[in-house]
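**Student:** This is the structure, below, for whatever I ask next.
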Amino acid sequence: MARDRVIFWVALLILLPTASLGAIVLSWNPQVPVPALVGHLCAGLCFVLMLPVYLAGGWYTSDVPGATCRKLMQMLKLSVATTGLSAVLLILYAVVVEILFRMLMWQYAATPRVPIWTSGFADLALVGGATVLAWHCSGNREFLTALLWLAVLAAMWAALQIPAFSQDAEGRVFMSRWLNVLALLMAVVAGVFVAGTGLAYRRRRQGAWPASLYVLAQPPADGLGFRYSMGILAAIVLLLGCTQLVLPLTGPAGLIGGLAVLVLAHRQWNENLADVGIALITLGVVSLVVACFPSLPIWWTGPAWAEVFNRVLFGLALMAGVWFWFAAFWRQQLDAGLAWTTTGHLVHTARQVGFFVAAVAVLISFYLAFWPALPYGSVDGGAWRWGWGLAANGLLILVLLMAVRRTMKSTIGWLLVLAVASALMFAIIRTPHGLLGHTWALYWPAVTAVVGAVLVILGSLLARTEDWQALFEPVYLSGVVVMPLSSIGGVLLGDPQLMLSWVPPLTFGCLIILYLLASLLVGPRTFAAVAVLCAAMCFWKLQDATGWTNIAAPYYYAMLIFLSAGLWAWVAHERQPARLLRVIRWAGIALAVASIAAGFAASRWGDGISGFLSGRTEPVLFGGSQNDA
């Protein structure tokens, strides 16, 4: 009798909602899309079939007495899971297809629409209610993760209620800000769930006193799947925010999502959550810097894009300074180098994020510096643009200078050198007809050689200090490698028709001074060998500048070959003495001198082949030509 009674009540509970839903189907408005009708049926059945399971006293089958009752409960649970998943998958399919259409179809008239019914929120609410009842019955923490993704799906459903395109008063069509709204809604969902689980965790700890003190040692109630889901959700918000950086809702979305993820990392340390949390806060602050200044136009132009890059550079420089400062300030939370608090764990993360933000800022600084010279760029002048651009570059240089002082890392020193170079190029590119731009356009190989000599002197001064040792490597290597390579490349690979005749010998003359200073002030002394080669090149290029041709090209080539061999033997002999190297050294130098002497002799007394080579040929050396005598 008890079994028949249970079967009767279960059948009644199933029959009544099924009959009600059948009546709704028969009287349904034909204009309503079929997916909406199916979604309502599945969501309604999911919630209604969950009621007898909840009233029966539990989700577990062992709580229900009798084999027949347990089988009925299993059937009901299977029906609940099937109908709930059907409703969710139907809504998810509509969401994915609609988002794909909106992202791939850029034409306003050709964009198809998938039915996004407003009453879908009721379907998600019914499925969510059934999930809450199941969580209350079973106590399984994984239902929290399911509720999180249902809330995310509801946020996406709400954002898709906004049309993909909008029209202004003049009839112009542009994309709406539904993605920006979606990022904000997802961040709010993350914040609400973190706050809710935090309040529950706090109440559980407060109720532990005095009878259940073991609760204080238990981890937070949110499961592993919840933390993974929060990380995925934060990454989605970060991606959407980066694509919608200039829109006003990106700032609040980044700050809310970043704080939520950092709070979750504080409860139970996770470096991945800390990374994405700091990145979201950086995104939020940069977006606020972009949006808080005078509004940007909807229809983008070249000057508007330059303004955006300038604001982004300012925001990134600001946040790089903040994270470098926090990394230095939080070091007090370290105990003999080991972290024992959340802020102690964040020291390494803040330093990494600060370096990454500074690197992106340097990249944008170079992009902004060359903006007027780019094919799609525009004239970027005016007092406002000069002041704002130099201020952003100056802030970045100051931040990197302080970071080098605190961290003593040469990688940050390289970023500082690049930032200074970008600031100089910002001024040079924007003054093409001024003194600075005119000097650079005509004499830039010689200018870079002079800059290299200055960097060598500065590197020698930095080598004697203790606080700025991190700057020695980037400054000195820039002086002896980067600047000379750019000078030599400009002289040997540049167009001779566009270069003044005395610029090449002047450049190699400056390089002689550069490498002599490097060998005397810092070392190694073998840089004197490079100075000798630069002197040989200076002598050859001086003939082109003066029109004085006394040495034919074959003799000059021979002199370079023998001189290079001798200098190589000299450099190698400094490290590994050997008799053969000494022989090569002196033989190479002697043959180089003999080649020069033979070249002078052939130009003065030689006829025949020597005269032919020296007077009636135009030997080519690295793209340059020897003028006729």
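A note on labels: chains of the structure tokens are A, B, ... as shown, every chain counts residues from 1, and ligands are counted from 1 in their shown order.
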Which of stretch 151-278 of chain A end up as strand (DSSP E) when DSSP is run on this backbone - answer as a list of chain:residue names?
**Tutor:**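 Selection result, strand (DSSP E) within stretch 151-278 of chain A: A:Phe165, A:Ser166, A:Gln167, A:Val173, A:Phe174, A:Met175.
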**Student:** List the spatial neighbours of A:Thr197 as a ChimeraX atom specification - criterion: any atom at most 12 Å away, only C-alpha atoms, same-chain residues fewer than 2 positions off excluded.
**Tutor:** /A:141,144-145,148,190-195,199-204,220-223,226-227,260,263-264,267
**Student:** Mind checking which residues fall within 9 Å of A:Val152, counting only C-alpha atoms, ignoring those fewer than 4 positions away in the same chain, and posting them as a PyMOL selection string?
**Tutor:** chain A and resi 147-148+156-157+185-186+189-190+233
**Student:** Go ahead and save the picked residues with all heavy atoms, as a PDB file, in the first residue's frame.
**Tutor:**
```
ATOM      1  N   LEU A 147      25.898  26.943 -11.139  1.00  0.00           N
ATOM      2  CA  LEU A 147      25.181  28.221 -10.978  1.00  0.00           C
ATOM      3  C   LEU A 147      25.981  29.379 -11.569  1.00  0.00           C
ATOM      4  O   LEU A 147      25.405  30.307 -12.153  1.00  0.00           O
ATOM      5  CB  LEU A 147      24.906  28.469  -9.494  1.00  0.00           C
ATOM      6  CG  LEU A 147      23.790  27.653  -8.857  1.00  0.00           C
ATOM      7  CD1 LEU A 147      23.719  27.940  -7.360  1.00  0.00           C
ATOM      8  CD2 LEU A 147      22.451  27.970  -9.506  1.00  0.00           C
ATOM      9  N   LEU A 148      27.312  29.337 -11.420  1.00  0.00           N
ATOM     10  CA  LEU A 148      28.149  30.398 -11.986  1.00  0.00           C
ATOM     11  C   LEU A 148      27.991  30.471 -13.499  1.00  0.00           C
ATOM     12  O   LEU A 148      27.786  31.554 -14.068  1.00  0.00           O
ATOM     13  CB  LEU A 148      29.611  30.155 -11.603  1.00  0.00           C
ATOM     14  CG  LEU A 148      30.646  31.071 -12.270  1.00  0.00           C
ATOM     15  CD1 LEU A 148      30.438  32.508 -11.833  1.00  0.00           C
ATOM     16  CD2 LEU A 148      32.067  30.608 -11.951  1.00  0.00           C
ATOM     17  N   MET A 156      25.223  36.836 -20.918  1.00  0.00           N
ATOM     18  CA  MET A 156      25.328  36.841 -22.373  1.00  0.00           C
ATOM     19  C   MET A 156      23.956  37.038 -23.014  1.00  0.00           C
ATOM     20  O   MET A 156      23.827  37.755 -24.020  1.00  0.00           O
ATOM     21  CB  MET A 156      25.952  35.525 -22.845  1.00  0.00           C
ATOM     22  CG  MET A 156      27.358  35.282 -22.311  1.00  0.00           C
ATOM     23  SD  MET A 156      27.988  33.629 -22.669  1.00  0.00           S
ATOM     24  CE  MET A 156      28.217  33.743 -24.428  1.00  0.00           C
ATOM     25  N   TRP A 157      22.926  36.415 -22.447  1.00  0.00           N
ATOM     26  CA  TRP A 157      21.567  36.582 -22.972  1.00  0.00           C
ATOM     27  C   TRP A 157      21.109  38.028 -22.848  1.00  0.00           C
ATOM     28  O   TRP A 157      20.435  38.561 -23.741  1.00  0.00           O
ATOM     29  CB  TRP A 157      20.633  35.644 -22.207  1.00  0.00           C
ATOM     30  CG  TRP A 157      19.336  35.371 -22.892  1.00  0.00           C
ATOM     31  CD1 TRP A 157      18.123  35.920 -22.602  1.00  0.00           C
ATOM     32  CD2 TRP A 157      19.105  34.478 -23.986  1.00  0.00           C
ATOM     33  NE1 TRP A 157      17.156  35.430 -23.429  1.00  0.00           N
ATOM     34  CE2 TRP A 157      17.731  34.531 -24.292  1.00  0.00           C
ATOM     35  CE3 TRP A 157      19.924  33.631 -24.717  1.00  0.00           C
ATOM     36  CZ2 TRP A 157      17.167  33.786 -25.311  1.00  0.00           C
ATOM     37  CZ3 TRP A 157      19.354  32.874 -25.732  1.00  0.00           C
ATOM     38  CH2 TRP A 157      18.007  32.960 -26.014  1.00  0.00           C
ATOM     39  N   LEU A 185      28.874  42.917 -17.532  1.00  0.00           N
ATOM     40  CA  LEU A 185      27.975  41.962 -16.881  1.00  0.00           C
ATOM     41  C   LEU A 185      28.737  40.734 -16.391  1.00  0.00           C
ATOM     42  O   LEU A 185      28.466  40.226 -15.286  1.00  0.00           O
ATOM     43  CB  LEU A 185      26.869  41.554 -17.854  1.00  0.00           C
ATOM     44  CG  LEU A 185      25.847  42.639 -18.215  1.00  0.00           C
ATOM     45  CD1 LEU A 185      24.852  42.118 -19.244  1.00  0.00           C
ATOM     46  CD2 LEU A 185      25.115  43.123 -16.972  1.00  0.00           C
ATOM     47  N   MET A 186      29.687  40.243 -17.177  1.00  0.00           N
ATOM     48  CA  MET A 186      30.470  39.097 -16.725  1.00  0.00           C
ATOM     49  C   MET A 186      31.309  39.449 -15.504  1.00  0.00           C
ATOM     50  O   MET A 186      31.447  38.640 -14.566  1.00  0.00           O
ATOM     51  CB  MET A 186      31.372  38.610 -17.858  1.00  0.00           C
ATOM     52  CG  MET A 186      30.648  37.857 -18.953  1.00  0.00           C
ATOM     53  SD  MET A 186      31.811  37.164 -20.158  1.00  0.00           S
ATOM     54  CE  MET A 186      30.695  36.147 -21.127  1.00  0.00           C
ATOM     55  N   VAL A 189      29.015  39.473 -12.542  1.00  0.00           N
ATOM     56  CA  VAL A 189      28.715  38.094 -12.120  1.00  0.00           C
ATOM     57  C   VAL A 189      29.859  37.536 -11.287  1.00  0.00           C
ATOM     58  O   VAL A 189      29.645  36.928 -10.220  1.00  0.00           O
ATOM     59  CB  VAL A 189      28.441  37.218 -13.355  1.00  0.00           C
ATOM     60  CG1 VAL A 189      28.437  35.740 -12.969  1.00  0.00           C
ATOM     61  CG2 VAL A 189      27.109  37.586 -13.979  1.00  0.00           C
ATOM     62  N   ALA A 190      31.096  37.733 -11.741  1.00  0.00           N
ATOM     63  CA  ALA A 190      32.250  37.250 -10.976  1.00  0.00           C
ATOM     64  C   ALA A 190      32.311  37.909  -9.605  1.00  0.00           C
ATOM     65  O   ALA A 190      32.539  37.239  -8.585  1.00  0.00           O
ATOM     66  CB  ALA A 190      33.533  37.508 -11.758  1.00  0.00           C
ATOM     67  N   LEU A 233      36.574  32.814 -16.694  1.00  0.00           N
ATOM     68  CA  LEU A 233      35.709  33.989 -16.821  1.00  0.00           C
ATOM     69  C   LEU A 233      36.536  35.281 -16.798  1.00  0.00           C
ATOM     70  O   LEU A 233      36.276  36.216 -17.572  1.00  0.00           O
ATOM     71  CB  LEU A 233      34.685  33.984 -15.689  1.00  0.00           C
ATOM     72  CG  LEU A 233      33.662  35.107 -15.675  1.00  0.00           C
ATOM     73  CD1 LEU A 233      32.852  35.110 -16.958  1.00  0.00           C
ATOM     74  CD2 LEU A 233      32.731  34.971 -14.471  1.00  0.00           C
TER      75      LEU A 233
END
```
**Student:** Show which residues sit within 10 Å of A:Arg430, as a ChimeraX atom specification. Count only C-alpha atoms, and ignore same-chain residues fewer than 2 positions away.
**Tutor:** /A:369-373,379-382,386,425-428,432-434,436-437
**Student:** Keeping only N, CA and C atoms, write those residues as a PDB file, in the first residue's frame.
**Tutor:**
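Result file follows (part.pdb):
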```pdb
ATOM      1  N   ALA A 369      55.817  57.353 -31.860  1.00  0.00           N
ATOM      2  CA  ALA A 369      56.891  58.221 -32.334  1.00  0.00           C
ATOM      3  C   ALA A 369      56.943  58.268 -33.852  1.00  0.00           C
ATOM      4  N   PHE A 370      56.745  57.126 -34.518  1.00  0.00           N
ATOM      5  CA  PHE A 370      56.811  57.062 -35.987  1.00  0.00           C
ATOM      6  C   PHE A 370      55.442  57.234 -36.640  1.00  0.00           C
ATOM      7  N   TRP A 371      54.428  57.623 -35.872  1.00  0.00           N
ATOM      8  CA  TRP A 371      53.078  57.736 -36.425  1.00  0.00           C
ATOM      9  C   TRP A 371      53.001  58.676 -37.630  1.00  0.00           C
ATOM     10  N   PRO A 372      53.591  59.889 -37.625  1.00  0.00           N
ATOM     11  CA  PRO A 372      53.489  60.752 -38.818  1.00  0.00           C
ATOM     12  C   PRO A 372      54.173  60.167 -40.052  1.00  0.00           C
ATOM     13  N   ALA A 373      55.145  59.266 -39.881  1.00  0.00           N
ATOM     14  CA  ALA A 373      55.858  58.708 -41.022  1.00  0.00           C
ATOM     15  C   ALA A 373      55.230  57.424 -41.554  1.00  0.00           C
ATOM     16  N   VAL A 379      49.479  63.823 -39.714  1.00  0.00           N
ATOM     17  CA  VAL A 379      50.272  64.877 -39.087  1.00  0.00           C
ATOM     18  C   VAL A 379      49.883  64.962 -37.615  1.00  0.00           C
ATOM     19  N   ASP A 380      50.875  64.825 -36.763  1.00  0.00           N
ATOM     20  CA  ASP A 380      50.611  64.776 -35.324  1.00  0.00           C
ATOM     21  C   ASP A 380      51.398  65.893 -34.657  1.00  0.00           C
ATOM     22  N   GLY A 381      50.951  67.121 -34.864  1.00  0.00           N
ATOM     23  CA  GLY A 381      51.640  68.279 -34.323  1.00  0.00           C
ATOM     24  C   GLY A 381      50.749  69.091 -33.407  1.00  0.00           C
ATOM     25  N   GLY A 382      51.157  70.296 -33.148  1.00  0.00           N
ATOM     26  CA  GLY A 382      50.412  71.162 -32.250  1.00  0.00           C
ATOM     27  C   GLY A 382      50.989  71.126 -30.846  1.00  0.00           C
ATOM     28  N   TRP A 386      52.353  67.849 -28.671  1.00  0.00           N
ATOM     29  CA  TRP A 386      53.745  67.825 -28.252  1.00  0.00           C
ATOM     30  C   TRP A 386      53.842  67.658 -26.732  1.00  0.00           C
ATOM     31  N   MET A 425      63.146  60.064 -31.031  1.00  0.00           N
ATOM     32  CA  MET A 425      62.543  59.919 -32.349  1.00  0.00           C
ATOM     33  C   MET A 425      61.201  60.625 -32.431  1.00  0.00           C
ATOM     34  N   PHE A 426      60.472  60.706 -31.316  1.00  0.00           N
ATOM     35  CA  PHE A 426      59.220  61.462 -31.288  1.00  0.00           C
ATOM     36  C   PHE A 426      59.463  62.915 -31.697  1.00  0.00           C
ATOM     37  N   ALA A 427      60.539  63.509 -31.176  1.00  0.00           N
ATOM     38  CA  ALA A 427      60.847  64.903 -31.519  1.00  0.00           C
ATOM     39  C   ALA A 427      61.427  65.030 -32.921  1.00  0.00           C
ATOM     40  N   ILE A 428      62.255  64.079 -33.340  1.00  0.00           N
ATOM     41  CA  ILE A 428      62.896  64.176 -34.659  1.00  0.00           C
ATOM     42  C   ILE A 428      61.878  64.035 -35.783  1.00  0.00           C
ATOM     43  N   PRO A 432      60.588  67.740 -39.201  1.00  0.00           N
ATOM     44  CA  PRO A 432      61.381  67.392 -40.397  1.00  0.00           C
ATOM     45  C   PRO A 432      62.121  68.575 -40.989  1.00  0.00           C
ATOM     46  N   HIS A 433      61.601  69.812 -40.797  1.00  0.00           N
ATOM     47  CA  HIS A 433      62.239  70.984 -41.372  1.00  0.00           C
ATOM     48  C   HIS A 433      62.936  71.830 -40.310  1.00  0.00           C
ATOM     49  N   GLY A 434      62.942  71.389 -39.084  1.00  0.00           N
ATOM     50  CA  GLY A 434      63.641  72.096 -38.028  1.00  0.00           C
ATOM     51  C   GLY A 434      65.101  71.698 -37.959  1.00  0.00           C
ATOM     52  N   LEU A 436      66.694  70.003 -35.586  1.00  0.00           N
ATOM     53  CA  LEU A 436      66.886  68.623 -35.164  1.00  0.00           C
ATOM     54  C   LEU A 436      66.559  67.640 -36.294  1.00  0.00           C
ATOM     55  N   GLY A 437      65.422  67.834 -36.938  1.00  0.00           N
ATOM     56  CA  GLY A 437      65.047  66.934 -38.027  1.00  0.00           C
ATOM     57  C   GLY A 437      65.959  67.067 -39.233  1.00  0.00           C
TER      58      GLY A 437
END
```
**Student:** Which residues, written as a PyMOL selection string, have at least one atom at most 12 Å from A:Leu390, with only C-alpha atoms counted and residues fewer than 2 positions away on the same chain left out?
**Tutor:** chain A and resi 310-311+313-314+365+368-369+381+383-388+392-398+419-420+422-427+430
**Student:** Just to confirm, what's the straight-line distance from atom CA of A:Ala235 to atom CA of A:Trp330 in Å (one decimal)?
**Tutor:**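 A separation of 25.5 Å between them.
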**Student:** So, with only C-alpha atoms as the atoms that count, which of A:Trp414, A:Tyr367, A:Trp305, A:Phe324 lies closest to A:Met402?
**Tutor:**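 Using only C-alpha atoms, the shortest distance to A:Met402 belongs to A:Phe324.
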**Student:** At a cut-off of 7 Å, using only C-alpha atoms, what residues contact A:Asp123? Leave out same-chain residues fewer than 2 positions from it and give the result as a PyMOL selection string.
**Tutor:** chain A and resi 39-40+43+119-121+125-127
